[in-house]
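Asks: What follows is the file upload-v5.cif, containing mmCIF, C-alpha atoms:
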```cif
data_protein
loop_
_atom_site.label_atom_id
_atom_site.label_comp_id
_atom_site.auth_asym_id
_atom_site.auth_seq_id
_atom_site.Cartn_x
_atom_site.Cartn_y
_atom_site.Cartn_z
CA MET A 1 -15.18 -19.83 -41.00
CA THR A 2 -15.32 -16.42 -42.60
CA ALA A 3 -17.43 -16.64 -45.73
CA PRO A 4 -21.12 -17.43 -45.31
CA SER A 5 -22.89 -19.81 -47.62
CA THR A 6 -24.37 -17.66 -50.34
CA ASP A 7 -24.39 -20.33 -53.03
CA THR A 8 -28.00 -19.77 -53.98
CA PRO A 9 -30.21 -16.68 -53.97
CA THR A 10 -32.34 -18.33 -51.27
CA ALA A 11 -29.32 -18.95 -49.02
CA SER A 12 -28.02 -15.41 -49.39
CA ALA A 13 -31.48 -13.93 -48.78
CA ALA A 14 -31.96 -16.18 -45.72
CA LEU A 15 -28.65 -14.90 -44.39
CA ALA A 16 -29.61 -11.24 -44.87
CA LEU A 17 -33.04 -11.58 -43.21
CA GLY A 18 -31.70 -13.98 -40.57
CA ASP A 19 -28.88 -11.61 -39.61
CA ASP A 20 -31.38 -8.74 -39.23
CA ALA A 21 -33.39 -10.84 -36.78
CA LEU A 22 -30.35 -12.19 -34.90
CA VAL A 23 -28.63 -8.84 -34.43
CA LEU A 24 -31.74 -6.97 -33.35
CA SER A 25 -32.61 -9.83 -30.99
CA HIS A 26 -29.20 -9.46 -29.34
CA ARG A 27 -29.54 -5.68 -29.05
CA LEU A 28 -32.96 -6.01 -27.40
CA GLY A 29 -31.53 -8.65 -25.08
CA GLU A 30 -29.05 -6.05 -23.83
CA TRP A 31 -31.99 -4.31 -22.13
CA MET A 32 -32.42 -7.19 -19.68
CA GLY A 33 -31.89 -5.86 -16.20
CA HIS A 34 -31.90 -2.27 -17.46
CA ALA A 35 -35.41 -1.58 -18.80
CA PRO A 36 -37.33 1.35 -17.28
CA VAL A 37 -40.14 -0.83 -15.87
CA LEU A 38 -40.60 -4.55 -15.37
CA GLU A 39 -43.43 -4.88 -17.91
CA GLU A 40 -41.23 -3.28 -20.54
CA GLU A 41 -38.33 -5.56 -19.77
CA VAL A 42 -40.65 -8.52 -20.33
CA ALA A 43 -41.99 -6.98 -23.55
CA LEU A 44 -38.51 -6.38 -25.00
CA ALA A 45 -37.43 -9.91 -24.01
CA ASN A 46 -40.49 -11.36 -25.72
CA ILE A 47 -39.81 -9.43 -28.91
CA ALA A 48 -36.17 -10.53 -28.79
CA LEU A 49 -37.29 -14.14 -28.40
CA ASP A 50 -39.60 -13.92 -31.43
CA LEU A 51 -36.72 -12.50 -33.47
CA LEU A 52 -34.34 -15.20 -32.26
CA GLY A 53 -36.81 -17.87 -33.35
CA GLN A 54 -37.05 -16.29 -36.79
CA ALA A 55 -33.26 -16.05 -36.96
CA ARG A 56 -32.84 -19.74 -36.16
CA VAL A 57 -35.19 -20.79 -38.97
CA LEU A 58 -33.61 -18.40 -41.47
CA LEU A 59 -29.96 -19.14 -40.63
CA SER A 60 -30.71 -22.87 -40.81
CA MET A 61 -31.80 -22.28 -44.40
CA ALA A 62 -28.31 -20.86 -45.09
CA GLY A 63 -26.18 -23.36 -43.16
CA ASP A 64 -25.42 -24.36 -39.56
CA GLU A 65 -27.08 -21.82 -37.28
CA ASP A 66 -24.45 -21.91 -34.53
CA GLN A 67 -21.53 -21.65 -36.93
CA LEU A 68 -23.20 -18.73 -38.67
CA ALA A 69 -24.08 -16.89 -35.48
CA TYR A 70 -20.91 -17.46 -33.48
CA LEU A 71 -18.03 -18.04 -35.86
CA ARG A 72 -18.42 -15.45 -38.59
CA GLU A 73 -16.34 -12.30 -38.76
CA GLU A 74 -17.97 -8.90 -38.87
CA ARG A 75 -17.60 -8.49 -42.63
CA ALA A 76 -19.50 -11.73 -43.28
CA PHE A 77 -22.69 -10.46 -41.59
CA ARG A 78 -25.39 -9.21 -43.98
CA ASN A 79 -27.72 -7.36 -41.60
CA LEU A 80 -28.94 -3.81 -42.08
CA GLN A 81 -26.91 -1.18 -40.29
CA LEU A 82 -30.12 0.00 -38.61
CA VAL A 83 -30.48 -3.11 -36.42
CA GLU A 84 -26.88 -3.00 -35.15
CA GLN A 85 -27.20 0.56 -33.82
CA PRO A 86 -26.70 0.76 -30.04
CA ASN A 87 -29.77 0.87 -27.82
CA GLY A 88 -29.07 4.48 -26.78
CA ASP A 89 -31.76 5.85 -24.50
CA PHE A 90 -35.21 4.25 -24.51
CA ALA A 91 -36.34 6.65 -27.26
CA HIS A 92 -33.58 5.41 -29.58
CA THR A 93 -34.63 1.82 -28.99
CA ILE A 94 -38.25 2.65 -29.74
CA ALA A 95 -37.36 4.63 -32.89
CA ARG A 96 -35.30 1.67 -34.10
CA GLN A 97 -38.23 -0.65 -33.31
CA LEU A 98 -40.68 1.61 -35.16
CA TYR A 99 -38.55 1.78 -38.29
CA PHE A 100 -37.60 -1.89 -38.34
CA SER A 101 -40.83 -3.59 -37.21
CA THR A 102 -42.86 -1.58 -39.73
CA TYR A 103 -40.47 -2.72 -42.48
CA GLN A 104 -40.39 -6.33 -41.29
CA HIS A 105 -44.17 -6.53 -40.95
CA LEU A 106 -44.74 -5.19 -44.47
CA LEU A 107 -42.00 -7.46 -45.88
CA TYR A 108 -43.28 -10.64 -44.20
CA ALA A 109 -46.84 -9.88 -45.32
CA ARG A 110 -45.61 -9.82 -48.92
CA LEU A 111 -43.49 -12.96 -48.55
CA ALA A 112 -46.36 -14.79 -46.84
CA ALA A 113 -48.68 -13.98 -49.75
CA GLY A 114 -46.27 -15.53 -52.28
CA ASP A 115 -45.23 -19.14 -52.73
CA GLY A 116 -41.47 -18.73 -52.38
CA PRO A 117 -39.16 -20.49 -49.91
CA PHE A 118 -39.84 -17.90 -47.18
CA ALA A 119 -43.64 -18.15 -47.30
CA PRO A 120 -44.07 -20.69 -44.43
CA LEU A 121 -41.90 -18.71 -41.99
CA ALA A 122 -43.32 -15.37 -43.12
CA ALA A 123 -46.91 -16.55 -42.59
CA LYS A 124 -46.03 -17.34 -39.01
CA ALA A 125 -43.74 -14.39 -38.30
CA VAL A 126 -46.09 -11.76 -39.77
CA LYS A 127 -48.48 -12.35 -36.88
CA GLU A 128 -45.72 -11.99 -34.28
CA THR A 129 -44.37 -8.87 -35.99
CA ALA A 130 -47.82 -7.25 -35.91
CA TYR A 131 -47.49 -7.17 -32.11
CA HIS A 132 -43.95 -5.71 -32.35
CA ARG A 133 -45.20 -2.96 -34.64
CA ASP A 134 -48.14 -2.18 -32.39
CA HIS A 135 -45.80 -2.01 -29.38
CA ALA A 136 -43.47 0.43 -31.18
CA GLU A 137 -46.32 2.62 -32.44
CA GLN A 138 -47.93 2.83 -29.00
CA TRP A 139 -44.64 3.89 -27.42
CA THR A 140 -43.88 6.39 -30.19
CA LEU A 141 -47.23 8.03 -29.56
CA ARG A 142 -46.74 8.03 -25.83
CA LEU A 143 -43.20 9.44 -25.90
CA GLY A 144 -43.83 11.89 -28.75
CA ASP A 145 -47.07 13.21 -27.34
CA GLY A 146 -45.90 12.89 -23.75
CA THR A 147 -43.84 15.30 -21.69
CA GLU A 148 -41.54 18.01 -23.01
CA GLU A 149 -38.58 15.81 -22.16
CA SER A 150 -39.88 12.64 -23.83
CA HIS A 151 -40.95 14.64 -26.89
CA THR A 152 -37.47 16.15 -27.29
CA ARG A 153 -35.74 12.82 -26.86
CA MET A 154 -38.04 10.99 -29.25
CA ASN A 155 -37.56 13.66 -31.92
CA ARG A 156 -33.80 13.39 -31.49
CA ALA A 157 -33.88 9.58 -31.77
CA CYS A 158 -36.10 9.52 -34.87
CA ALA A 159 -33.81 12.03 -36.59
CA ALA A 160 -30.62 10.20 -35.59
CA LEU A 161 -31.71 6.86 -37.06
CA TRP A 162 -33.39 8.26 -40.17
CA ARG A 163 -30.26 7.94 -42.30
CA PHE A 164 -30.24 4.15 -41.76
CA THR A 165 -33.74 3.62 -43.17
CA GLY A 166 -33.03 3.89 -46.90
CA GLU A 167 -31.03 0.65 -46.88
CA MET A 168 -34.11 -1.43 -46.07
CA PHE A 169 -35.49 -0.95 -49.58
CA GLN A 170 -32.42 -1.81 -51.59
CA PRO A 171 -33.01 -5.01 -53.59
CA VAL A 172 -31.86 -8.24 -51.94
CA GLU A 173 -31.14 -11.15 -54.24
CA GLY A 174 -33.60 -13.95 -53.51
CA VAL A 175 -36.21 -11.69 -51.87
CA ASP A 176 -38.93 -11.35 -54.43
CA VAL A 177 -40.69 -8.13 -53.43
CA ASP A 178 -41.18 -4.75 -55.07
CA GLY A 179 -38.85 -2.53 -53.04
CA GLY A 180 -40.39 0.68 -54.36
CA ALA A 181 -43.91 -0.25 -53.31
CA LEU A 182 -42.62 -1.48 -49.94
CA GLU A 183 -40.85 1.83 -49.38
CA ALA A 184 -43.91 3.89 -50.30
CA GLU A 185 -46.08 1.96 -47.87
CA TRP A 186 -43.43 2.16 -45.13
CA LEU A 187 -43.06 5.93 -45.56
CA ALA A 188 -46.80 6.49 -45.48
CA SER A 189 -47.17 4.44 -42.30
CA VAL A 190 -44.18 5.86 -40.40
CA GLU A 191 -44.97 9.46 -41.37
CA ASP A 192 -48.54 8.96 -40.19
CA VAL A 193 -47.39 7.63 -36.81
CA LEU A 194 -44.85 10.45 -36.40
CA ARG A 195 -47.44 13.12 -37.20
CA ARG A 196 -49.97 11.62 -34.83
CA SER A 197 -47.25 11.58 -32.18
CA THR A 198 -46.66 15.34 -32.74
CA LEU A 199 -43.12 14.49 -33.90
CA ASP A 200 -41.23 15.94 -36.85
CA VAL A 201 -40.80 13.81 -39.95
CA PRO A 202 -36.98 13.91 -40.32
CA GLU A 203 -35.78 15.78 -43.39
CA GLY A 204 -32.28 14.40 -43.91
CA PRO A 205 -31.35 11.87 -46.58
CA ARG A 206 -32.32 8.27 -45.97
CA SER A 207 -29.44 6.86 -48.02
CA GLY A 208 -26.83 7.98 -50.52
CA ALA A 209 -23.13 7.92 -51.24
CA TRP A 210 -22.07 9.66 -48.04
CA THR A 211 -24.73 8.40 -45.72
CA ALA A 212 -25.01 5.00 -44.12
CA GLY A 213 -26.26 1.83 -45.69
CA ALA A 214 -24.09 -1.04 -46.84
CA GLY A 215 -24.77 -3.64 -44.17
CA ARG A 216 -26.09 -6.01 -46.84
CA GLN A 217 -22.63 -5.83 -48.44
CA GLY A 218 -20.90 -6.60 -45.15
CA LEU A 219 -19.91 -3.04 -44.27
CA HIS A 220 -20.89 -2.23 -40.71
CA THR A 221 -20.73 0.65 -38.27
CA GLU A 222 -18.22 0.83 -35.46
CA PRO A 223 -20.45 -0.36 -32.59
CA PHE A 224 -21.20 -3.64 -34.40
CA GLY A 225 -17.74 -5.11 -33.84
CA ARG A 226 -18.06 -4.63 -30.09
CA MET A 227 -21.52 -6.16 -30.08
CA LEU A 228 -20.25 -9.22 -31.95
CA ALA A 229 -17.30 -9.59 -29.58
CA GLU A 230 -19.70 -9.85 -26.68
CA MET A 231 -22.16 -12.11 -28.51
CA GLN A 232 -19.48 -14.55 -29.70
CA HIS A 233 -17.13 -14.42 -26.75
CA LEU A 234 -18.45 -17.43 -24.82
CA HIS A 235 -18.70 -19.72 -27.83
CA ARG A 236 -15.26 -18.81 -29.10
CA SER A 237 -13.64 -19.14 -25.65
CA HIS A 238 -15.26 -22.52 -24.95
CA PRO A 239 -15.85 -24.27 -28.30
CA GLY A 240 -18.53 -26.94 -28.06
CA ALA A 241 -19.62 -25.92 -24.56
CA SER A 242 -23.20 -26.82 -23.70
CA TRP A 243 -25.53 -26.23 -20.79
CA MET B 1 -67.89 -57.63 -48.52
CA VAL B 2 -64.60 -57.65 -50.34
CA THR B 3 -61.69 -59.17 -48.49
CA PRO B 4 -58.84 -56.62 -48.37
CA THR B 5 -55.66 -57.58 -50.16
CA PRO B 6 -52.61 -58.07 -47.93
CA LEU B 7 -51.34 -54.62 -48.95
CA GLU B 8 -54.65 -52.96 -48.11
CA ALA B 9 -54.75 -54.75 -44.80
CA ARG B 10 -51.28 -53.51 -43.92
CA LEU B 11 -52.17 -49.94 -44.88
CA LEU B 12 -55.30 -50.11 -42.78
CA GLU B 13 -53.28 -51.43 -39.88
CA ALA B 14 -50.76 -48.61 -40.27
CA ARG B 15 -53.55 -45.98 -40.26
CA THR B 16 -55.03 -47.48 -37.10
CA LEU B 17 -51.63 -47.50 -35.44
CA GLU B 18 -50.98 -43.89 -36.48
CA ALA B 19 -54.28 -42.78 -34.94
CA GLU B 20 -53.41 -44.62 -31.74
CA LEU B 21 -49.92 -43.10 -31.55
CA LEU B 22 -51.30 -39.63 -32.30
CA GLU B 23 -53.48 -40.03 -29.20
CA VAL B 24 -50.44 -41.03 -27.15
CA ALA B 25 -48.27 -38.15 -28.43
CA GLY B 26 -51.15 -35.70 -27.97
CA SER B 27 -51.64 -36.73 -24.35
CA VAL B 28 -48.32 -35.10 -23.32
CA PRO B 29 -48.92 -32.04 -21.11
CA ASP B 30 -47.66 -28.67 -22.33
CA PRO B 31 -44.42 -27.90 -20.43
CA GLU B 32 -45.44 -24.33 -19.62
CA LEU B 33 -49.21 -24.77 -19.25
CA PRO B 34 -49.43 -28.30 -17.81
CA VAL B 35 -53.24 -28.10 -17.54
CA LEU B 36 -53.34 -28.43 -21.35
CA THR B 37 -52.32 -31.41 -23.43
CA LEU B 38 -50.48 -30.90 -26.69
CA ARG B 39 -53.56 -32.18 -28.51
CA GLU B 40 -55.77 -29.54 -26.83
CA LEU B 41 -53.18 -26.88 -27.70
CA GLY B 42 -53.33 -28.09 -31.31
CA VAL B 43 -49.59 -28.40 -31.89
CA VAL B 44 -49.23 -32.12 -32.74
CA ARG B 45 -50.08 -32.25 -36.42
CA ALA B 46 -49.53 -35.88 -37.43
CA VAL B 47 -47.81 -39.18 -36.71
CA HIS B 48 -46.39 -41.20 -39.61
CA VAL B 49 -45.42 -44.83 -39.17
CA ARG B 50 -42.18 -45.81 -40.92
CA GLY B 51 -39.99 -48.87 -41.10
CA THR B 52 -40.70 -52.42 -42.11
CA ASP B 53 -41.95 -53.46 -38.69
CA ALA B 54 -43.81 -50.20 -38.18
CA ASP B 55 -41.63 -49.54 -35.15
CA ALA B 56 -40.24 -46.18 -36.28
CA VAL B 57 -42.43 -43.09 -36.32
CA GLU B 58 -42.13 -39.49 -37.36
CA VAL B 59 -44.13 -36.87 -35.45
CA GLU B 60 -45.01 -33.47 -36.93
CA LEU B 61 -44.97 -30.75 -34.27
CA THR B 62 -45.68 -27.05 -34.89
CA PRO B 63 -44.53 -24.23 -32.58
CA THR B 64 -47.00 -21.71 -31.15
CA TYR B 65 -44.46 -18.89 -31.67
CA THR B 66 -41.42 -19.22 -33.96
CA GLY B 67 -39.09 -18.72 -31.01
CA CYS B 68 -41.07 -20.78 -28.48
CA PRO B 69 -38.42 -22.38 -26.22
CA ALA B 70 -40.87 -25.06 -25.04
CA ILE B 71 -40.69 -26.87 -28.36
CA GLU B 72 -37.55 -28.75 -27.32
CA ALA B 73 -39.11 -29.94 -24.07
CA MET B 74 -42.20 -31.01 -26.04
CA SER B 75 -40.07 -33.05 -28.45
CA VAL B 76 -38.28 -34.83 -25.60
CA ASP B 77 -41.58 -35.60 -23.85
CA ILE B 78 -43.20 -36.93 -27.02
CA GLU B 79 -40.21 -39.14 -27.70
CA ARG B 80 -40.36 -40.51 -24.16
CA VAL B 81 -44.05 -41.45 -24.18
CA LEU B 82 -43.85 -43.05 -27.61
CA ARG B 83 -40.83 -45.13 -26.60
CA ALA B 84 -42.66 -46.18 -23.46
CA HIS B 85 -45.47 -47.25 -25.78
CA GLY B 86 -43.08 -49.59 -27.58
CA VAL B 87 -41.90 -47.47 -30.48
CA ARG B 88 -38.22 -48.09 -31.17
CA GLU B 89 -37.33 -44.97 -33.13
CA VAL B 90 -38.98 -41.56 -32.78
CA THR B 91 -38.21 -38.53 -34.93
CA VAL B 92 -39.93 -35.25 -34.08
CA ARG B 93 -39.98 -32.84 -36.98
CA THR B 94 -40.89 -29.15 -36.58
CA VAL B 95 -43.27 -27.88 -39.27
CA LEU B 96 -44.20 -24.22 -39.77
CA ALA B 97 -46.92 -24.37 -42.41
CA PRO B 98 -49.79 -23.93 -42.08
CA ALA B 99 -49.00 -21.46 -39.28
CA TRP B 100 -50.44 -22.36 -35.87
CA SER B 101 -53.25 -20.13 -34.70
CA THR B 102 -54.96 -19.77 -31.33
CA ASP B 103 -58.07 -20.98 -33.17
CA ASP B 104 -56.36 -24.40 -33.09
CA ILE B 105 -56.89 -24.62 -29.31
CA SER B 106 -59.80 -26.97 -28.66
CA ALA B 107 -62.98 -26.02 -26.78
CA GLU B 108 -61.88 -28.28 -23.94
CA GLY B 109 -58.49 -26.55 -23.93
CA ARG B 110 -60.18 -23.15 -23.63
CA ARG B 111 -62.29 -24.35 -20.73
CA LYS B 112 -59.20 -25.63 -18.89
CA LEU B 113 -57.32 -22.38 -19.47
CA ARG B 114 -60.17 -20.38 -17.95
CA GLU B 115 -60.33 -22.76 -14.98
CA PHE B 116 -56.56 -22.30 -14.55
CA GLY B 117 -57.00 -18.51 -14.32
CA ILE B 118 -55.95 -17.61 -17.87
CA ALA B 119 -58.43 -15.87 -20.15
CA PRO B 120 -58.57 -18.02 -23.31
CA PRO B 121 -57.97 -16.48 -26.74
CA ARG B 122 -61.09 -15.32 -28.54
CA THR B 123 -61.86 -17.15 -31.76
CA ARG B 124 -61.72 -15.51 -35.13
CA SER B 125 -63.19 -16.57 -38.43
CA ALA B 126 -60.27 -15.19 -40.42
CA SER B 127 -56.68 -15.11 -39.28
CA GLY B 128 -54.28 -12.32 -40.17
CA PRO B 129 -52.39 -9.48 -38.61
CA VAL B 130 -53.87 -7.87 -35.54
CA PRO B 131 -55.46 -4.50 -36.39
CA VAL B 132 -53.38 -1.63 -35.06
CA THR B 133 -54.82 1.60 -33.65
CA LEU B 134 -53.43 4.19 -31.31
CA GLY B 135 -54.82 4.94 -27.89
CA ALA B 136 -55.12 8.03 -25.71
CA THR B 137 -52.26 10.38 -24.86
CA ARG B 138 -51.83 13.77 -23.27
CA THR B 139 -53.35 15.72 -26.15
CA ARG B 140 -55.58 13.07 -27.70
CA ALA B 141 -58.66 11.56 -26.16
CA GLY B 142 -58.88 7.81 -26.51
CA THR B 143 -61.84 5.49 -26.29
CA GLY B 144 -60.24 3.25 -23.69
CA GLY B 145 -59.10 6.06 -21.37
CA GLY B 146 -56.42 5.49 -18.74
CA THR B 147 -53.48 3.67 -20.21
CA GLY B 148 -54.96 3.54 -23.68
CA THR B 149 -55.35 0.15 -25.33
CA ALA B 150 -55.13 -1.49 -28.71
CA ALA B 151 -58.27 -1.88 -30.74
CA GLU B 152 -60.34 -4.84 -29.74
CA PRO B 153 -62.37 -5.90 -32.71
CA LEU B 154 -63.60 -9.05 -30.99
CA GLU B 155 -65.83 -9.58 -27.98
CA PRO B 156 -64.34 -8.25 -24.70
CA VAL B 157 -61.74 -10.33 -22.88
CA ARG B 158 -63.53 -11.74 -19.86
CA CYS B 159 -61.96 -11.99 -16.41
CA PRO B 160 -61.32 -15.69 -15.71
CA HIS B 161 -62.05 -15.12 -12.00
CA CYS B 162 -65.36 -13.22 -11.93
CA GLY B 163 -66.45 -13.35 -15.59
CA SER B 164 -66.72 -9.58 -16.04
CA GLY B 165 -66.08 -8.21 -19.52
CA ASP B 166 -64.87 -4.94 -18.02
CA THR B 167 -61.09 -5.50 -18.23
CA GLU B 168 -58.11 -3.45 -19.36
CA LEU B 169 -54.75 -4.17 -20.95
CA LEU B 170 -51.69 -3.66 -18.73
CA SER B 171 -49.04 -5.02 -21.08
CA ARG B 172 -49.09 -6.71 -24.48
CA PHE B 173 -46.38 -9.09 -23.34
CA SER B 174 -46.57 -11.16 -20.18
CA SER B 175 -44.75 -14.13 -18.62
CA THR B 176 -44.52 -15.86 -22.01
CA ALA B 177 -44.70 -14.57 -25.58
CA CYS B 178 -48.19 -16.04 -26.03
CA LYS B 179 -49.78 -14.11 -23.17
CA ALA B 180 -50.74 -10.49 -22.41
CA LEU B 181 -51.24 -9.05 -18.93
CA ARG B 182 -54.66 -7.60 -18.11
CA ARG B 183 -56.58 -6.38 -15.07
CA CYS B 184 -60.24 -6.84 -14.20
CA LEU B 185 -61.96 -3.54 -13.41
CA ALA B 186 -64.76 -5.34 -11.55
CA CYS B 187 -62.85 -7.60 -9.12
CA ARG B 188 -59.50 -5.76 -9.54
CA GLU B 189 -57.55 -9.00 -10.05
CA PRO B 190 -54.74 -9.01 -12.62
CA PHE B 191 -54.75 -11.98 -14.98
CA ASP B 192 -53.00 -13.45 -18.02
CA HIS B 193 -54.76 -13.48 -21.38
CA PHE B 194 -53.72 -16.01 -24.02
CA LYS B 195 -53.60 -13.47 -26.83
CA GLU B 196 -54.97 -14.12 -30.27
CA LEU B 197 -52.44 -15.18 -32.90
#
```
Starting from the file, lay out its structure as structure tokens.
Replies:
Amino acid sequence: MTAPSTDTPTASAALALGDDALVLSHRLGEWMGHAPVLEEEVALANIALDLLGQARVLLSMAGDEDQLAYLREERAFRNLQLVEQPNGDFAHTIARQLYFSTYQHLLYARLAAGDGPFAPLAAKAVKETAYHRDHAEQWTLRLGDGTEESHTRMNRACAALWRFTGEMFQPVEGVDVDGGALEAEWLASVEDVLRRSTLDVPEGPRSGAWTAGAGRQGLHTEPFGRMLAEMQHLHRSHPGASW
Amino acid sequence: MVTPTPLEARLLEARTLEAELLEVAGSVPDPELPVLTLRELGVVRAVHVRGTDADAVEVELTPTYTGCPAIEAMSVDIERVLRAHGVREVTVRTVLAPAWSTDDISAEGRRKLREFGIAPPRTRSASGPVPVTLGATRTRAGTGGGTGTAAEPLEPVRCPHCGSGDTELLSRFSSTACKALRRCLACREPFDHFKEL
């Protein structure tokens, strides 16, 4: 199976949002056994679990969840390039969480307020995502306004991932939200958190012809192929295996 | 008194049976918090009787969190008790809307949680996202001091052991997604708090 089911706008939108949740869930899962403190390991696992639950609901709206997760090729995934970025140091993971959870929280709030096909899931997930956003903001403040070392690392991480943030506001067929208004609210929130954390608001471009951002079209960055290989390895090696 | 028509009588019978089976399904203990029943947790939404002999039922179950792994164990347990009650065919369907809230936990459920050593969720009149504020850091004074905590717009979380309202947040995420880890500043015991959702 190479081509995902994108027969309807709802199916293709479910795939895009579901892939975001699935891929970020897997990345956060990579922290297990490696997080700086036990409480943080538990926190990242809990956030990953919330995202996996969202992914299962969304991918089931597009087809068979297992087929979609384990048997698609890289080019058939529709997730943002932001969520596939490697964990890096803890600052990179937190910067990625800040950018993505703020976006996802604002997006779900809009979808929950409407009466479209994503409203039931969004109404549930928006409450979970509020905790993810709070977690990311608290850590951004702590690392940014922490020691010299944590401040430097957090600034570096926020700047490194900045160029992946423009893609979040490109229109997605089947997702009925005003991308411009979403972007304005996201920028205001993230800039406020960065300033309060004594961090620089990155100045580079957030998207454009020669910067990143075509995950929704199936174009991914180099680390994604390796992540997929690990994620799909067991299922592909032992088709139909169960616990 | 009007004698019910045969159809009305059958409908009435079905409603009575549904109420009875809802009791049975709701009596299943939660797999992760066995002191609570699924009814007290507020996750069994409805039981619908199907089939000509009313021996097939469909149960509507809602997850606490979208990714809650206990939902599969709950489904298996519900199916087992209903079959033991004489139902031939059981289908458990997961429903998301309206979204489950900790306000759906019954008063009895809250009492049992506290007795079990878990601070119950505080009730809210309106649901919605949790307000987000930032706590203290090196250069900013915070109201909570120490580790710095999220805003708490509700009454304080009380220690389930000594009842003190003087408690602090250790981690927003604890042994399961639905709980946060806190510590009592009066008796110094750490405890789980079923966080508001």
Asks: Quote the spacing between CA of Pro160 (chain B) and CA of Phe173 (chain B) in Å to one decimal place.
Replies: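 Going from CA of Pro160 (chain B) over to CA of Phe173 (chain B) covers 18.0 Å.
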Asks: Which residues would end up in the selection if the PyMOL selection byres ((chain A and resi 107) around 12) were applied here, given that I need the answer as a PyMOL selection string?
Replies: chain A and resi 17+100-106+108-114+118-119+121-123+125-126+129-130+168-169+172+175-183+185-186
Asks: So what does the PyMOL selection byres ((chain A) within 10 of (chain B)) actually pick up in this one, as an MDAnalysis selection string?
Replies: chainID A and resid 39:57 105 109 119:135 137:147 193 196:198
Asks: Go ahead and write the residues just picked, C-alpha atoms, as a compact mmCIF listing (two decimals), in the frame of the given file.
Replies:
```txt
# COMPACT_ATOMS: atom_id res chain seq x y z
CA GLU A 39 -43.43 -4.88 -17.91
CA GLU A 40 -41.23 -3.28 -20.54
CA GLU A 41 -38.33 -5.56 -19.77
CA VAL A 42 -40.65 -8.52 -20.33
CA ALA A 43 -41.99 -6.98 -23.55
CA LEU A 44 -38.51 -6.38 -25.00
CA ALA A 45 -37.43 -9.91 -24.01
CA ASN A 46 -40.49 -11.36 -25.72
CA ILE A 47 -39.81 -9.43 -28.91
CA ALA A 48 -36.17 -10.53 -28.79
CA LEU A 49 -37.29 -14.14 -28.40
CA ASP A 50 -39.60 -13.92 -31.43
CA LEU A 51 -36.72 -12.50 -33.47
CA LEU A 52 -34.34 -15.20 -32.26
CA GLY A 53 -36.81 -17.87 -33.35
CA GLN A 54 -37.05 -16.29 -36.79
CA ALA A 55 -33.26 -16.05 -36.96
CA ARG A 56 -32.84 -19.74 -36.16
CA VAL A 57 -35.19 -20.79 -38.97
CA HIS A 105 -44.17 -6.53 -40.95
CA ALA A 109 -46.84 -9.88 -45.32
CA ALA A 119 -43.64 -18.15 -47.30
CA PRO A 120 -44.07 -20.69 -44.43
CA LEU A 121 -41.90 -18.71 -41.99
CA ALA A 122 -43.32 -15.37 -43.12
CA ALA A 123 -46.91 -16.55 -42.59
CA LYS A 124 -46.03 -17.34 -39.01
CA ALA A 125 -43.74 -14.39 -38.30
CA VAL A 126 -46.09 -11.76 -39.77
CA LYS A 127 -48.48 -12.35 -36.88
CA GLU A 128 -45.72 -11.99 -34.28
CA THR A 129 -44.37 -8.87 -35.99
CA ALA A 130 -47.82 -7.25 -35.91
CA TYR A 131 -47.49 -7.17 -32.11
CA HIS A 132 -43.95 -5.71 -32.35
CA ARG A 133 -45.20 -2.96 -34.64
CA ASP A 134 -48.14 -2.18 -32.39
CA HIS A 135 -45.80 -2.01 -29.38
CA GLU A 137 -46.32 2.62 -32.44
CA GLN A 138 -47.93 2.83 -29.00
CA TRP A 139 -44.64 3.89 -27.42
CA THR A 140 -43.88 6.39 -30.19
CA LEU A 141 -47.23 8.03 -29.56
CA ARG A 142 -46.74 8.03 -25.83
CA LEU A 143 -43.20 9.44 -25.90
CA GLY A 144 -43.83 11.89 -28.75
CA ASP A 145 -47.07 13.21 -27.34
CA GLY A 146 -45.90 12.89 -23.75
CA THR A 147 -43.84 15.30 -21.69
CA VAL A 193 -47.39 7.63 -36.81
CA ARG A 196 -49.97 11.62 -34.83
CA SER A 197 -47.25 11.58 -32.18
CA THR A 198 -46.66 15.34 -32.74
```
Asks: Please report the interatomic distance between CA of Pro190 (chain B) and CA of Val43 (chain B) in Å with one decimal.
Replies: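 Between these atoms lies a distance of 27.8 Å.
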Asks: Can you tell me, as a PyMOL selection string, what residues are no more than 9 Å from region 22-38 of chain B when counting all atoms listed in the file, ignoring any on the same chain fewer than 3 positions away?
Replies: chain B and resi 17-19+41-48+59+70-71+73-74+77-79+81-82+85+108-110+112-113+116+176
Asks: Quick one: pull the distance between CA of Phe194 (chain B) and CA of Leu169 (chain B), Å, one decimal.
Replies: 12.3 Å
Asks: Using the file's own x, y and z axes, so that the box edges lie along x, y and z, what centre and edge lengths in Å (one decimal) does a box around every listed atom of region 41-47 of chain A get when 5 Å is added on each side? Give it as JSON.
Replies:
```
{"center_x": -39.7, "center_y": -8.5, "center_z": -24.3, "size_x": 14.6, "size_y": 15.8, "size_z": 19.1}
```
Asks: Give as a count of residues only the set of residues within 9 Å of the point (-24.9, 0.3, -39.3), where distances use the file's coordinates and all atoms listed in the file.
Replies: 18
Asks: Report the residues retrieved by the PyMOL selection byres ((chain A and resi 218) around 6) from the displayed file, expressed as a ChimeraX atom specification.
Replies: /A:75-78,215-217,219
Asks: For Asp166 (chain B), which residue out of B:Arg188, B:Leu61, B:Lys179, B:Glu89 is the nearest one, using only C-alpha atoms?
Replies: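 The answer is B:Arg188, which sits nearest to Asp166 (chain B).
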